[in-house]
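Student: Quick one, run06.txt (compact mmCIF, C-alpha atoms and all ligand atoms):
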# COMPACT_ATOMS: atom_id res chain seq x y z
CA MET T 1 -51.42 5.53 -212.34
CA ASN T 2 -49.70 8.27 -214.25
CA LEU T 3 -45.98 8.46 -214.91
CA ILE T 4 -43.90 11.62 -215.22
CA SER T 5 -40.52 12.34 -216.73
CA THR T 6 -37.36 12.55 -214.61
CA ARG T 7 -36.73 15.85 -216.39
CA GLY T 8 -40.00 17.21 -215.18
CA ASP T 9 -41.40 19.16 -218.10
CA THR T 10 -44.01 16.68 -219.29
CA VAL T 11 -47.62 16.28 -218.31
CA PRO T 12 -48.49 13.14 -216.34
CA THR T 13 -48.85 10.28 -218.81
CA PRO T 14 -51.08 7.20 -218.32
CA ILE T 15 -48.94 4.14 -217.69
CA HIS T 16 -49.88 2.30 -220.89
CA GLU T 17 -48.90 5.32 -222.98
CA ALA T 18 -45.60 5.67 -221.15
CA ILE T 19 -44.88 2.00 -221.79
CA ALA T 20 -45.76 2.34 -225.47
CA ARG T 21 -43.46 5.37 -225.80
CA GLY T 22 -40.36 4.14 -223.95
CA LEU T 23 -38.63 7.48 -223.50
CA ALA T 24 -40.49 10.61 -222.35
CA PRO T 25 -40.84 13.36 -225.01
CA ASP T 26 -38.37 15.62 -223.15
CA GLY T 27 -35.72 12.87 -223.30
CA GLY T 28 -36.20 11.93 -219.63
CA LEU T 29 -37.10 8.56 -218.15
CA TYR T 30 -40.59 7.75 -216.94
CA VAL T 31 -41.08 7.35 -213.19
CA PRO T 32 -44.27 7.02 -211.10
CA THR T 33 -45.70 10.35 -209.87
CA ALA T 34 -45.35 8.79 -206.41
CA LEU T 35 -44.54 5.20 -205.48
CA PRO T 36 -47.54 3.45 -203.92
CA ARG T 37 -47.24 2.09 -200.37
CA LEU T 38 -48.43 -1.46 -199.79
CA GLU T 39 -48.91 -3.23 -196.47
CA LEU T 40 -47.95 -6.90 -196.34
CA GLU T 41 -51.68 -7.71 -196.13
CA ALA T 42 -51.94 -6.66 -199.77
CA PHE T 43 -50.05 -9.89 -200.55
CA ALA T 44 -52.26 -12.17 -198.44
CA GLY T 45 -52.99 -15.30 -200.47
CA ALA T 46 -50.31 -14.45 -203.04
CA SER T 47 -47.53 -17.03 -202.99
CA THR T 48 -46.43 -17.76 -206.55
CA LEU T 49 -44.30 -15.30 -208.53
CA PRO T 50 -47.16 -14.28 -210.89
CA GLU T 51 -49.55 -13.85 -207.93
CA VAL T 52 -47.11 -11.63 -206.03
CA ALA T 53 -46.37 -9.68 -209.23
CA THR T 54 -50.07 -9.06 -209.82
CA ALA T 55 -50.62 -7.76 -206.27
CA LEU T 56 -47.51 -5.57 -206.52
CA LEU T 57 -48.22 -4.06 -209.94
CA GLN T 58 -51.96 -3.62 -209.45
CA PRO T 59 -51.71 -0.03 -208.07
CA PHE T 60 -49.53 0.95 -211.04
CA PHE T 61 -52.04 -0.33 -213.60
CA ALA T 62 -55.22 0.77 -211.77
CA GLY T 63 -57.43 2.69 -214.19
CA SER T 64 -55.43 1.64 -217.24
CA PRO T 65 -56.87 -0.37 -220.14
CA LEU T 66 -54.25 -2.99 -219.21
CA ALA T 67 -55.64 -3.39 -215.66
CA PRO T 68 -58.07 -6.24 -216.47
CA GLU T 69 -55.22 -8.02 -218.29
CA LEU T 70 -52.61 -7.64 -215.55
CA ALA T 71 -52.96 -11.10 -213.99
CA ALA T 72 -52.75 -12.74 -217.44
CA MET T 73 -49.74 -10.59 -218.37
CA CYS T 74 -47.93 -11.65 -215.20
CA ARG T 75 -48.75 -15.32 -215.84
CA ASP T 76 -47.49 -15.09 -219.46
CA ALA T 77 -44.34 -13.15 -218.67
CA LEU T 78 -43.30 -14.85 -215.45
CA ALA T 79 -43.79 -18.43 -216.56
CA PHE T 80 -40.52 -19.75 -215.14
CA HIS T 81 -39.03 -20.38 -211.70
CA VAL T 82 -36.98 -17.82 -209.82
CA PRO T 83 -35.68 -19.94 -206.93
CA LEU T 84 -33.88 -18.67 -203.84
CA VAL T 85 -31.28 -21.33 -203.10
CA ALA T 86 -28.95 -21.68 -200.11
CA VAL T 87 -25.26 -21.48 -200.98
CA ASP T 88 -23.51 -21.67 -197.66
CA HIS T 89 -25.44 -22.09 -194.45
CA GLN T 90 -22.73 -20.80 -192.17
CA ARG T 91 -22.41 -17.46 -193.83
CA ASP T 92 -26.10 -17.15 -194.48
CA THR T 93 -25.84 -16.54 -198.20
CA ARG T 94 -28.49 -17.32 -200.73
CA LEU T 95 -28.55 -17.12 -204.50
CA LEU T 96 -31.59 -15.67 -206.31
CA GLU T 97 -31.47 -17.47 -209.67
CA LEU T 98 -32.92 -15.14 -212.29
CA PHE T 99 -31.68 -17.26 -215.19
CA HIS T 100 -34.32 -19.93 -215.72
CA GLY T 101 -36.09 -18.05 -218.51
CA PRO T 102 -35.75 -18.87 -222.22
CA THR T 103 -32.52 -16.91 -222.82
CA ALA T 104 -30.95 -17.64 -219.42
CA ALA T 105 -30.61 -14.07 -218.10
CA PHE T 106 -32.84 -11.81 -215.98
CA LYS T 107 -33.59 -9.68 -219.08
CA ASP T 108 -36.25 -12.29 -219.96
CA VAL T 109 -38.50 -10.91 -217.21
CA GLY T 110 -38.65 -7.34 -218.51
CA ALA T 111 -38.67 -8.30 -222.20
CA ARG T 112 -41.50 -10.79 -221.79
CA PHE T 113 -43.61 -8.39 -219.72
CA LEU T 114 -43.06 -5.63 -222.27
CA ALA T 115 -44.14 -7.99 -225.06
CA ALA T 116 -47.22 -8.96 -223.03
CA CYS T 117 -48.07 -5.23 -222.72
CA PHE T 118 -47.45 -4.42 -226.40
CA ALA T 119 -49.50 -7.39 -227.58
CA ARG T 120 -52.46 -5.98 -225.64
CA LEU T 121 -51.97 -2.40 -226.85
CA PRO T 122 -52.74 -2.63 -230.56
CA ALA T 123 -51.18 0.00 -232.80
CA PRO T 124 -53.62 2.42 -234.44
CA GLY T 125 -54.95 0.78 -237.59
CA ASN T 126 -53.39 -2.50 -236.46
CA GLU T 127 -50.25 -1.73 -238.44
CA ARG T 128 -47.11 -3.83 -237.94
CA ARG T 129 -44.64 -2.43 -235.43
CA THR T 130 -40.85 -2.76 -235.48
CA ILE T 131 -39.00 -3.18 -232.19
CA LEU T 132 -35.50 -1.75 -232.63
CA VAL T 133 -32.97 -2.72 -230.00
CA ALA T 134 -29.28 -2.02 -229.53
CA THR T 135 -27.73 -4.65 -227.28
CA SER T 136 -24.45 -5.37 -225.54
CA GLY T 137 -25.49 -8.98 -225.14
CA ASP T 138 -28.43 -10.20 -223.10
CA THR T 139 -31.18 -7.69 -223.88
CA GLY T 140 -31.30 -8.47 -227.60
CA GLY T 141 -31.77 -12.19 -227.08
CA ALA T 142 -34.48 -11.68 -224.48
CA VAL T 143 -36.36 -9.22 -226.72
CA ALA T 144 -36.00 -11.48 -229.78
CA ASP T 145 -37.35 -14.44 -227.83
CA ALA T 146 -40.22 -12.44 -226.34
CA PHE T 147 -41.42 -11.13 -229.73
CA PHE T 148 -40.46 -14.12 -231.92
CA GLN T 149 -43.42 -15.16 -234.13
CA ARG T 150 -45.72 -12.63 -232.45
CA ASP T 151 -48.34 -11.34 -234.89
CA GLY T 152 -47.88 -7.72 -235.86
CA PHE T 153 -44.26 -7.35 -234.69
CA ASP T 154 -40.86 -7.29 -236.35
CA VAL T 155 -37.65 -7.13 -234.35
CA VAL T 156 -34.36 -5.53 -235.44
CA ILE T 157 -31.29 -6.20 -233.29
CA LEU T 158 -28.00 -4.30 -233.47
CA TYR T 159 -25.02 -5.80 -231.64
CA PRO T 160 -21.30 -5.01 -231.69
CA ASN T 161 -19.43 -7.60 -233.76
CA GLY T 162 -16.89 -9.54 -231.71
CA LEU T 163 -17.76 -7.80 -228.44
CA VAL T 164 -20.34 -10.22 -227.06
CA ALA T 165 -19.72 -13.77 -225.81
CA PRO T 166 -19.95 -16.45 -228.56
CA ARG T 167 -23.13 -18.00 -227.16
CA GLN T 168 -24.67 -14.54 -226.67
CA ALA T 169 -23.98 -13.86 -230.37
CA HIS T 170 -25.62 -17.15 -231.29
CA LEU T 171 -28.74 -16.35 -229.25
CA LEU T 172 -29.01 -12.96 -230.93
CA SER T 173 -28.89 -14.54 -234.37
CA CYS T 174 -30.80 -17.82 -234.07
CA TYR T 175 -34.42 -16.70 -234.46
CA GLY T 176 -35.01 -15.55 -238.03
CA GLU T 177 -38.56 -15.08 -239.40
CA ASN T 178 -39.74 -11.78 -237.85
CA VAL T 179 -36.33 -11.15 -236.20
CA ARG T 180 -33.45 -9.53 -238.14
CA THR T 181 -30.03 -9.32 -236.58
CA PHE T 182 -27.18 -7.01 -237.59
CA ARG T 183 -23.62 -7.44 -236.36
CA VAL T 184 -22.33 -3.89 -236.39
CA ALA T 185 -18.69 -3.16 -237.17
CA GLY T 186 -18.30 -1.01 -234.07
CA THR T 187 -18.91 -0.84 -230.33
CA PHE T 188 -22.07 -0.97 -228.26
CA ASP T 189 -22.03 2.82 -228.20
CA ASP T 190 -22.16 2.80 -232.02
CA CYS T 191 -25.17 0.48 -231.91
CA GLN T 192 -26.92 2.73 -229.42
CA ARG T 193 -26.14 5.80 -231.51
CA LEU T 194 -27.61 4.15 -234.61
CA ALA T 195 -30.78 3.26 -232.72
CA LYS T 196 -31.12 6.80 -231.35
CA GLN T 197 -30.66 8.26 -234.84
CA ALA T 198 -33.34 5.94 -236.16
CA PHE T 199 -35.80 7.06 -233.46
CA ARG T 200 -35.08 10.71 -234.31
CA ASP T 201 -35.78 10.10 -238.03
CA THR T 202 -39.47 10.90 -238.13
CA GLU T 203 -39.99 9.51 -241.63
CA LEU T 204 -38.42 6.16 -240.71
CA THR T 205 -40.12 6.02 -237.33
CA ALA T 206 -43.52 6.59 -238.91
CA ALA T 207 -42.99 4.21 -241.84
CA LEU T 208 -41.88 1.29 -239.68
CA ARG T 209 -43.78 2.26 -236.52
CA LEU T 210 -40.47 2.00 -234.72
CA THR T 211 -40.72 1.16 -231.03
CA SER T 212 -38.00 0.87 -228.43
CA ALA T 213 -37.47 -1.99 -226.01
CA ASN T 214 -34.30 -0.74 -224.36
CA SER T 215 -33.74 -0.98 -220.65
CA ILE T 216 -35.01 2.52 -219.96
CA SER T 217 -38.57 1.33 -220.68
CA ALA T 218 -40.87 1.45 -217.65
CA GLY T 219 -42.46 -1.72 -219.04
CA ARG T 220 -39.21 -3.56 -218.37
CA LEU T 221 -38.32 -1.97 -215.06
CA LEU T 222 -41.61 -2.42 -213.21
CA PRO T 223 -41.92 -6.23 -213.58
CA GLN T 224 -38.34 -6.62 -212.31
CA MET T 225 -39.66 -5.62 -208.88
CA SER T 226 -41.61 -8.89 -208.83
CA TYR T 227 -38.75 -11.25 -208.08
CA TYR T 228 -37.53 -9.04 -205.26
CA ALA T 229 -41.03 -8.88 -203.80
CA HIS T 230 -41.48 -12.63 -204.16
CA SER T 231 -38.12 -13.62 -202.66
CA ALA T 232 -38.30 -11.09 -199.81
CA LEU T 233 -41.88 -12.09 -198.92
CA THR T 234 -41.08 -15.78 -199.03
CA PHE T 235 -38.06 -15.22 -196.79
CA TRP T 236 -40.03 -13.04 -194.39
CA ARG T 237 -42.80 -15.59 -194.10
CA GLU T 238 -40.31 -18.38 -193.36
CA HIS T 239 -37.83 -16.54 -191.13
CA GLY T 240 -39.53 -13.35 -189.91
CA GLU T 241 -36.50 -11.40 -191.08
CA ARG T 242 -35.64 -8.98 -193.87
CA LEU T 243 -33.47 -10.30 -196.69
CA ASN T 244 -30.53 -8.09 -197.78
CA TYR T 245 -29.45 -8.02 -201.44
CA VAL T 246 -26.19 -7.66 -203.37
CA ILE T 247 -26.95 -6.92 -207.02
CA PRO T 248 -24.65 -7.06 -210.08
CA THR T 249 -25.10 -3.63 -211.66
CA GLY T 250 -24.50 -2.01 -215.03
CA ASN T 251 -27.27 0.35 -216.14
CA LEU T 252 -28.89 0.12 -212.70
CA GLY T 253 -32.23 -1.23 -213.95
CA ASN T 254 -32.19 -4.42 -211.95
CA ALA T 255 -31.06 -2.75 -208.72
CA LEU T 256 -33.44 0.19 -209.09
CA ALA T 257 -36.35 -2.27 -209.23
CA CYS T 258 -35.19 -3.65 -205.86
CA LEU T 259 -35.02 -0.15 -204.35
CA TRP T 260 -38.49 0.68 -205.64
CA ALA T 261 -39.84 -2.57 -204.17
CA ARG T 262 -38.34 -1.63 -200.78
CA GLU T 263 -39.92 1.87 -200.97
CA ILE T 264 -43.28 0.27 -201.71
CA GLY T 265 -43.03 -1.59 -198.41
CA LEU T 266 -41.59 -5.04 -199.16
CA PRO T 267 -39.45 -6.52 -196.34
CA ILE T 268 -36.13 -5.79 -198.04
CA GLY T 269 -33.12 -4.84 -195.89
CA ASP T 270 -29.89 -3.37 -197.21
CA VAL T 271 -29.27 -3.11 -200.94
CA VAL T 272 -25.66 -3.16 -202.15
CA LEU T 273 -24.58 -2.62 -205.76
CA ALA T 274 -21.71 -4.66 -207.23
CA THR T 275 -20.05 -3.34 -210.37
CA ASN T 276 -17.08 -4.53 -212.42
CA SER T 277 -14.12 -2.24 -213.24
CA ASN T 278 -16.54 0.42 -214.45
CA ARG T 279 -16.39 2.45 -211.29
CA VAL T 280 -18.73 5.41 -211.70
CA LEU T 281 -21.14 4.13 -209.03
CA PRO T 282 -18.55 2.99 -206.44
CA GLU T 283 -16.82 6.38 -206.83
CA HIS T 284 -20.05 8.26 -206.33
CA PHE T 285 -21.16 6.21 -203.34
CA ALA T 286 -17.72 6.60 -201.75
CA GLY T 287 -18.34 10.34 -201.68
CA GLY T 288 -17.38 11.65 -205.11
CA ASP T 289 -19.48 13.52 -207.63
CA TYR T 290 -21.32 11.51 -210.22
CA THR T 291 -18.75 11.52 -213.04
CA PRO T 292 -19.43 9.31 -216.09
CA HIS T 293 -16.44 7.60 -217.70
CA PRO T 294 -16.00 5.88 -221.06
CA SER T 295 -16.88 2.22 -220.55
CA VAL T 296 -14.13 -0.33 -219.88
CA ALA T 297 -14.32 -3.86 -221.33
CA THR T 298 -14.46 -6.63 -218.69
CA ILE T 299 -15.35 -10.33 -218.50
CA ALA T 300 -18.73 -9.25 -217.07
CA ASN T 301 -19.58 -7.55 -220.37
CA ALA T 302 -23.28 -6.90 -219.70
CA MET T 303 -22.12 -4.50 -216.97
CA ASP T 304 -19.63 -2.55 -219.10
CA VAL T 305 -21.39 0.76 -218.57
CA GLY T 306 -19.67 4.08 -217.97
CA ASP T 307 -22.80 6.18 -217.45
CA PRO T 308 -25.67 4.07 -216.09
CA SER T 309 -28.90 5.24 -217.72
CA ASN T 310 -31.05 4.60 -214.66
CA PHE T 311 -28.94 6.83 -212.43
CA GLU T 312 -31.36 9.53 -213.53
CA ARG T 313 -34.20 7.59 -211.88
CA LEU T 314 -32.16 7.07 -208.70
CA ALA T 315 -31.39 10.79 -208.53
CA HIS T 316 -35.08 11.51 -209.02
CA LEU T 317 -36.02 9.22 -206.13
CA TRP T 318 -33.38 10.69 -203.81
CA PRO T 319 -32.18 14.05 -205.17
CA ALA T 320 -29.58 14.59 -202.42
CA ALA T 321 -26.35 12.60 -202.77
CA ASP T 322 -26.18 12.13 -198.98
CA GLU T 323 -29.59 10.56 -198.95
CA ARG T 324 -28.63 8.19 -201.77
CA ARG T 325 -25.56 7.16 -199.80
CA GLN T 326 -27.68 6.38 -196.75
CA ARG T 327 -29.96 4.10 -198.74
CA VAL T 328 -27.53 2.26 -201.00
CA SER T 329 -23.85 1.44 -201.24
CA ALA T 330 -21.70 0.26 -204.15
CA TYR T 331 -18.43 -1.60 -204.61
CA GLY T 332 -16.41 -2.43 -207.73
CA VAL T 333 -14.69 -5.73 -208.54
CA HIS T 334 -11.85 -6.14 -211.07
CA ASP T 335 -11.62 -9.05 -213.50
CA ASP T 336 -8.95 -10.91 -211.47
CA ALA T 337 -11.20 -10.94 -208.42
CA LEU T 338 -14.19 -12.03 -210.55
CA ARG T 339 -12.17 -14.99 -211.82
CA ALA T 340 -10.94 -15.88 -208.34
CA ARG T 341 -14.48 -15.75 -206.95
CA ILE T 342 -15.83 -18.01 -209.72
CA ARG T 343 -13.08 -20.51 -208.88
CA THR T 344 -13.56 -20.40 -205.08
CA TRP T 345 -17.32 -20.75 -205.16
CA SER T 346 -16.98 -23.64 -207.55
CA GLU T 347 -14.41 -25.37 -205.33
CA THR T 348 -15.77 -24.65 -201.86
CA ALA T 349 -19.52 -24.35 -202.37
CA GLY T 350 -19.94 -26.45 -205.53
CA VAL T 351 -21.78 -23.55 -207.15
CA THR T 352 -20.93 -22.32 -210.65
CA ILE T 353 -21.70 -18.64 -211.26
CA CYS T 354 -21.47 -16.35 -214.29
CA PRO T 355 -18.96 -13.45 -214.30
CA HIS T 356 -21.69 -10.89 -213.48
CA THR T 357 -22.98 -12.88 -210.52
CA ALA T 358 -19.36 -13.19 -209.39
CA ALA T 359 -19.23 -9.43 -208.81
CA ALA T 360 -22.06 -9.71 -206.27
CA ALA T 361 -20.60 -12.87 -204.73
CA GLU T 362 -17.23 -11.14 -204.30
CA VAL T 363 -18.81 -8.09 -202.66
CA ARG T 364 -20.75 -10.37 -200.31
CA GLU T 365 -17.51 -12.09 -199.23
CA ARG T 366 -15.11 -9.16 -199.32
CA GLU T 367 -17.20 -6.29 -197.95
CA LEU T 368 -19.92 -8.00 -195.94
CA GLY T 369 -18.11 -11.19 -194.97
CA ASP T 370 -18.37 -10.79 -191.18
CA GLU T 371 -22.06 -10.09 -191.16
CA ALA T 372 -24.37 -12.72 -189.79
CA ARG T 373 -27.40 -11.15 -191.46
CA PRO T 374 -28.98 -13.09 -194.35
CA TRP T 375 -27.67 -11.91 -197.72
CA CYS T 376 -29.02 -12.71 -201.14
CA VAL T 377 -26.56 -12.69 -204.05
CA VAL T 378 -28.53 -12.00 -207.21
CA ALA T 379 -27.58 -14.35 -210.08
CA THR T 380 -28.30 -12.45 -213.28
CA ALA T 381 -27.30 -15.03 -215.92
CA HIS T 382 -26.67 -18.75 -216.25
CA PRO T 383 -22.94 -19.60 -216.32
CA ALA T 384 -23.45 -21.71 -219.46
CA LYS T 385 -24.07 -18.48 -221.37
CA PHE T 386 -20.50 -17.39 -220.59
CA GLU T 387 -18.83 -20.76 -220.86
CA SER T 388 -15.84 -19.31 -222.75
CA VAL T 389 -14.96 -17.36 -219.58
CA VAL T 390 -16.16 -19.77 -216.91
CA GLU T 391 -14.98 -23.17 -218.16
CA PRO T 392 -11.23 -22.37 -218.29
CA ILE T 393 -11.49 -21.04 -214.72
CA ILE T 394 -13.24 -24.02 -213.19
CA GLY T 395 -11.56 -26.57 -215.44
CA ARG T 396 -14.67 -28.42 -216.53
CA ALA T 397 -17.72 -28.05 -218.76
CA VAL T 398 -20.79 -26.17 -217.52
CA PRO T 399 -23.95 -28.21 -218.23
CA VAL T 400 -26.27 -26.36 -220.61
CA PRO T 401 -29.87 -25.93 -219.40
CA PRO T 402 -32.50 -27.35 -221.80
CA PRO T 403 -34.01 -24.02 -223.05
CA LEU T 404 -30.55 -22.78 -223.97
CA GLU T 405 -29.68 -26.10 -225.58
CA ASN T 406 -32.69 -25.80 -227.91
CA LEU T 407 -31.64 -22.32 -229.00
CA LEU T 408 -28.01 -23.34 -229.50
CA ALA T 409 -29.18 -26.15 -231.79
CA ARG T 410 -30.85 -23.64 -234.14
CA GLN T 411 -29.04 -22.20 -237.13
CA ALA T 412 -27.70 -18.67 -236.59
CA THR T 413 -27.86 -16.04 -239.33
CA ASP T 414 -27.00 -12.40 -239.02
CA GLU T 415 -26.06 -9.64 -241.44
CA PRO T 416 -23.05 -7.30 -241.35
CA LEU T 417 -23.70 -3.59 -240.96
CA ALA T 418 -21.39 -0.58 -241.19
CA PRO T 419 -21.66 1.70 -238.14
CA GLU T 420 -23.37 4.42 -240.18
CA PHE T 421 -26.97 5.50 -239.93
CA GLU T 422 -27.41 5.62 -243.71
CA ALA T 423 -26.50 1.93 -243.93
CA LEU T 424 -29.12 1.04 -241.31
CA ARG T 425 -31.75 3.26 -242.93
CA GLN T 426 -31.25 1.59 -246.31
CA GLN T 427 -31.50 -1.90 -244.82
CA LEU T 428 -34.71 -1.06 -242.98
CA ARG T 429 -36.33 0.76 -245.92
CA ALA T 430 -35.42 -1.98 -248.40
CA ASP T 431 -37.96 -4.21 -246.68
CA SER T 432 -40.97 -1.99 -246.66
C1 LIG T 501 -27.99 -6.57 -218.06
C2 LIG T 501 -27.20 -7.43 -217.15
C3 LIG T 501 -26.66 -6.94 -215.95
C4 LIG T 501 -26.77 -5.49 -215.55
O1 LIG T 501 -28.09 -5.14 -215.23
P1 LIG T 501 -28.53 -3.59 -215.18
O2 LIG T 501 -29.99 -3.60 -215.04
O3 LIG T 501 -28.07 -2.99 -216.47
O4 LIG T 501 -27.83 -3.00 -214.01
C5 LIG T 501 -25.99 -7.82 -215.11
N1 LIG T 501 -25.84 -9.12 -215.45
C6 LIG T 501 -26.33 -9.62 -216.60
C7 LIG T 501 -26.10 -11.05 -216.90
C8 LIG T 501 -27.03 -8.81 -217.48
O5 LIG T 501 -27.52 -9.30 -218.63
Could you rewrite the structure in this file as structure tokens?
Tutor:
Amino acid sequence: MNLISTRGDTVPTPIHEAIARGLAPDGGLYVPTALPRLELEAFAGASTLPEVATALLQPFFAGSPLAPELAAMCRDALAFHVPLVAVDHQRDTRLLELFHGPTAAFKDVGARFLAACFARLPAPGNERRTILVATSGDTGGAVADAFFQRDGFDVVILYPNGLVAPRQAHLLSCYGENVRTFRVAGTFDDCQRLAKQAFRDTELTAALRLTSANSISAGRLLPQMSYYAHSALTFWREHGERLNYVIPTGNLGNALACLWAREIGLPIGDVVLATNSNRVLPEHFAGGDYTPHPSVATIANAMDVGDPSNFERLAHLWPAADERRQRVSAYGVHDDALRARIRTWSETAGVTICPHTAAAAEVRERELGDEARPWCVVATAHPAKFESVVEPIIGRAVPVPPPLENLLARQATDEPLAPEFEALRQQLRADS
């Protein structure tokens, strides 16, 4: 399949080239020329997550040099469980736990699939490539883990000093070897600006073979459809009913994957977006124009986004605002309500959730509480990753899952960096 840019002035690009590039040359985001339609029979015999992913992604990769590798890529990338667990039988709520990967957040899925693609798309001349990533928390760790010790790859991470959770900071800094981590004296926006400047510097880009792994990459978005396809199919096969989803949302990458999966024909019902105090999406879906705001800091920091990058893909899918409002809705949740929801679910359901998941849980209870339809609250990170927020609320320690425990036991080393492009350029060039 070919992909095109959301901004429309590029020629159709084969999927493996679009994945290698990240951003389209006109600055737009890559989207499929048209989403394929699949009947449920296309998934006959597919029951595990990698099997469902392979059936789902096959039309996208048809004709690509990656096509013969697709099943192996899905097995490599999706090598952990994504269980759908019941929370509360009366209110028909389930939790889709996306946090059983190595860095305990859903970003592992996209980062690992992207690494599986890159590893099978050798650079011309087999030169080393440098993955440069600006992160507000979870992306950097997932990308570092996915590329750690991979032949032919270096990773450079930029994160805002003091603005990520302590364990997030540790995960960003605990790899070493082919992973270099800079704590930038600035905000996430500074980190993103530095990365963008680096990609615009043609000399630097060529010398280091700089490659992006940020969330706009089609290679991260497409595999995220897999866990929606898998959970919806499993539910449909067991109950003969569509599952409805509430999704914690920042840059809209996770939720867009769900909407694409529904367009492709998976038995997905309503899709509702849950944001924190960053209200651009709730305002738009309540009838306003799409008006970006500066981002506001919240306890759900991975969703502190004032201008969600994937809105451009949503607007490409449904250009008319009215149509978007028919297909999706969005609600915002302030920090106080996030805290209260973490406490109540812990006390009444015995379930500990992270602050991001709490946004979706709160929207399920507050906005959709009377509905008897089955709802799935998407759990985007393990609560142990945000223990400094969660533990004071629930009044006890959150047990650390084994993969996270191993990473926390490693030594962390990062380097300070001034929020100036020249400082970054010198650090990167000093190596080569
Ligand atoms: C990245 C992230 C989100 C937001 O996902 P988007 O794809 O940016 O909407 C939510 N929760 C957690 C834990 C995350 O890491």
Student: Please tabulate, as a Markdown table, the residues of chain T that come within 6 Å of ligand LIG 501 (chain T), each with its closest pair of atoms and the distance in Å to one decimal, counting only C-alpha atoms and all ligand atoms and ordering rows by chain, then residue number upward.
Tutor:
| residue | atom | partner | partner_atom | distance |
| --- | --- | --- | --- | --- |
| T:Ala105 | CA | T:LIG501 | C7 | 5.6 |
| T:Asp138 | CA | T:LIG501 | O5 | 4.6 |
| T:Pro248 | CA | T:LIG501 | C5 | 5.3 |
| T:Thr249 | CA | T:LIG501 | O4 | 3.7 |
| T:Gly250 | CA | T:LIG501 | O4 | 3.6 |
| T:Asn251 | CA | T:LIG501 | O3 | 3.5 |
| T:Leu252 | CA | T:LIG501 | O4 | 3.5 |
| T:Gly253 | CA | T:LIG501 | O2 | 3.4 |
| T:Asn254 | CA | T:LIG501 | O2 | 3.9 |
| T:Ala302 | CA | T:LIG501 | C2 | 4.7 |
| T:Met303 | CA | T:LIG501 | C4 | 5.0 |
| T:His356 | CA | T:LIG501 | N1 | 4.9 |
| T:Thr380 | CA | T:LIG501 | C7 | 4.5 |
| T:Ala381 | CA | T:LIG501 | C7 | 4.3 |
Student: Save out the residues we just selected, C-alpha atoms, as an mmCIF file, keeping the file's coordinate frame.
Tutor:
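Just written: out_21.cif:
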data_model
loop_
_atom_site.group_PDB
_atom_site.id
_atom_site.type_symbol
_atom_site.label_atom_id
_atom_site.label_comp_id
_atom_site.auth_asym_id
_atom_site.auth_seq_id
_atom_site.Cartn_x
_atom_site.Cartn_y
_atom_site.Cartn_z
ATOM 1 C CA ALA T 105 -30.610 -14.070 -218.100
ATOM 2 C CA ASP T 138 -28.430 -10.200 -223.100
ATOM 3 C CA PRO T 248 -24.650 -7.060 -210.080
ATOM 4 C CA THR T 249 -25.100 -3.630 -211.660
ATOM 5 C CA GLY T 250 -24.500 -2.010 -215.030
ATOM 6 C CA ASN T 251 -27.270 0.350 -216.140
ATOM 7 C CA LEU T 252 -28.890 0.120 -212.700
ATOM 8 C CA GLY T 253 -32.230 -1.230 -213.950
ATOM 9 C CA ASN T 254 -32.190 -4.420 -211.950
ATOM 10 C CA ALA T 302 -23.280 -6.900 -219.700
ATOM 11 C CA MET T 303 -22.120 -4.500 -216.970
ATOM 12 C CA HIS T 356 -21.690 -10.890 -213.480
ATOM 13 C CA THR T 380 -28.300 -12.450 -213.280
ATOM 14 C CA ALA T 381 -27.300 -15.030 -215.920
#
Student: T:Gly110, T:Phe199, T:Asp189, T:Ala286: which is nearest T:Thr211, counting all atoms listed in the file?
Tutor: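 When distances to T:Thr211 are compared using all atoms listed in the file, the smallest one comes from T:Phe199.
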Student: So which residues touch T:Gly45 within 10 Å, counting only C-alpha atoms, skipping near sequence neighbours fewer than 6 positions away, as an MDAnalysis selection string?
Tutor: chainID T and resid 51:52 55
Student: Do you know which residues are at most 12 Å from T:Trp318 counting only C-alpha atoms, after dropping those on the same chain fewer than 3 positions away, and could you put them as a count of residues only?
Tutor: 18
Student: Find the residue from T:Cys191, T:Ala185, T:Ala349, T:Val377 that sits nearest to T:Val272; use only C-alpha atoms when measuring.
Tutor: T:Val377
Student: Taking (-25.9, -14.9, -207.6) in the file's own coordinates, collect the residues within 9 Å, counting all atoms listed in the file, and hand them back as a ChimeraX atom specification.
Tutor: /T:94-98,246-248,353-354,356-361,376-381
Student: Using Å and a single decimal, report how far atom CA of T:Arg112 sits from atom CA of T:Arg7.
Tutor: 27.6 Å
Student: Excluding T:Arg120 and its own-chain neighbours fewer than 2 positions away, which residues fall within 12 Å of it when counting all atoms listed in the file? Please give them as a list in words.
Tutor: His16, Ile19, Ala20, Ser64, Pro65, Leu66, Ala67, Pro68, Glu69, Leu70, Ala72, Met73, Phe113, Leu114, Ala115, Ala116, Cys117, Phe118, Pro122, Ala123, Asn126, Arg150, Asp151 and Gly152 of chain T
Student: Pick out the closest residue to T:Val184 from this set: T:Ala207, T:Leu417, T:Leu3, T:Ala134. Count all atoms listed in the file.
Tutor: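 When distances to T:Val184 are compared using all atoms listed in the file, the smallest one comes from T:Leu417.
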Student: Calculated over only C-alpha atoms, which of the candidates T:Ala206, T:Val87, T:Ile268, T:Ala104 has the smallest distance to T:Glu127?
Tutor: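 Closest to T:Glu127, using only C-alpha atoms: T:Ala206.
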Student: Can you work out the spacing between atom CA of T:Arg364 and atom CA of T:His334 in Å, to one decimal?
Tutor: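 We find that atom CA of T:Arg364 and atom CA of T:His334 lie 14.6 Å from each other.
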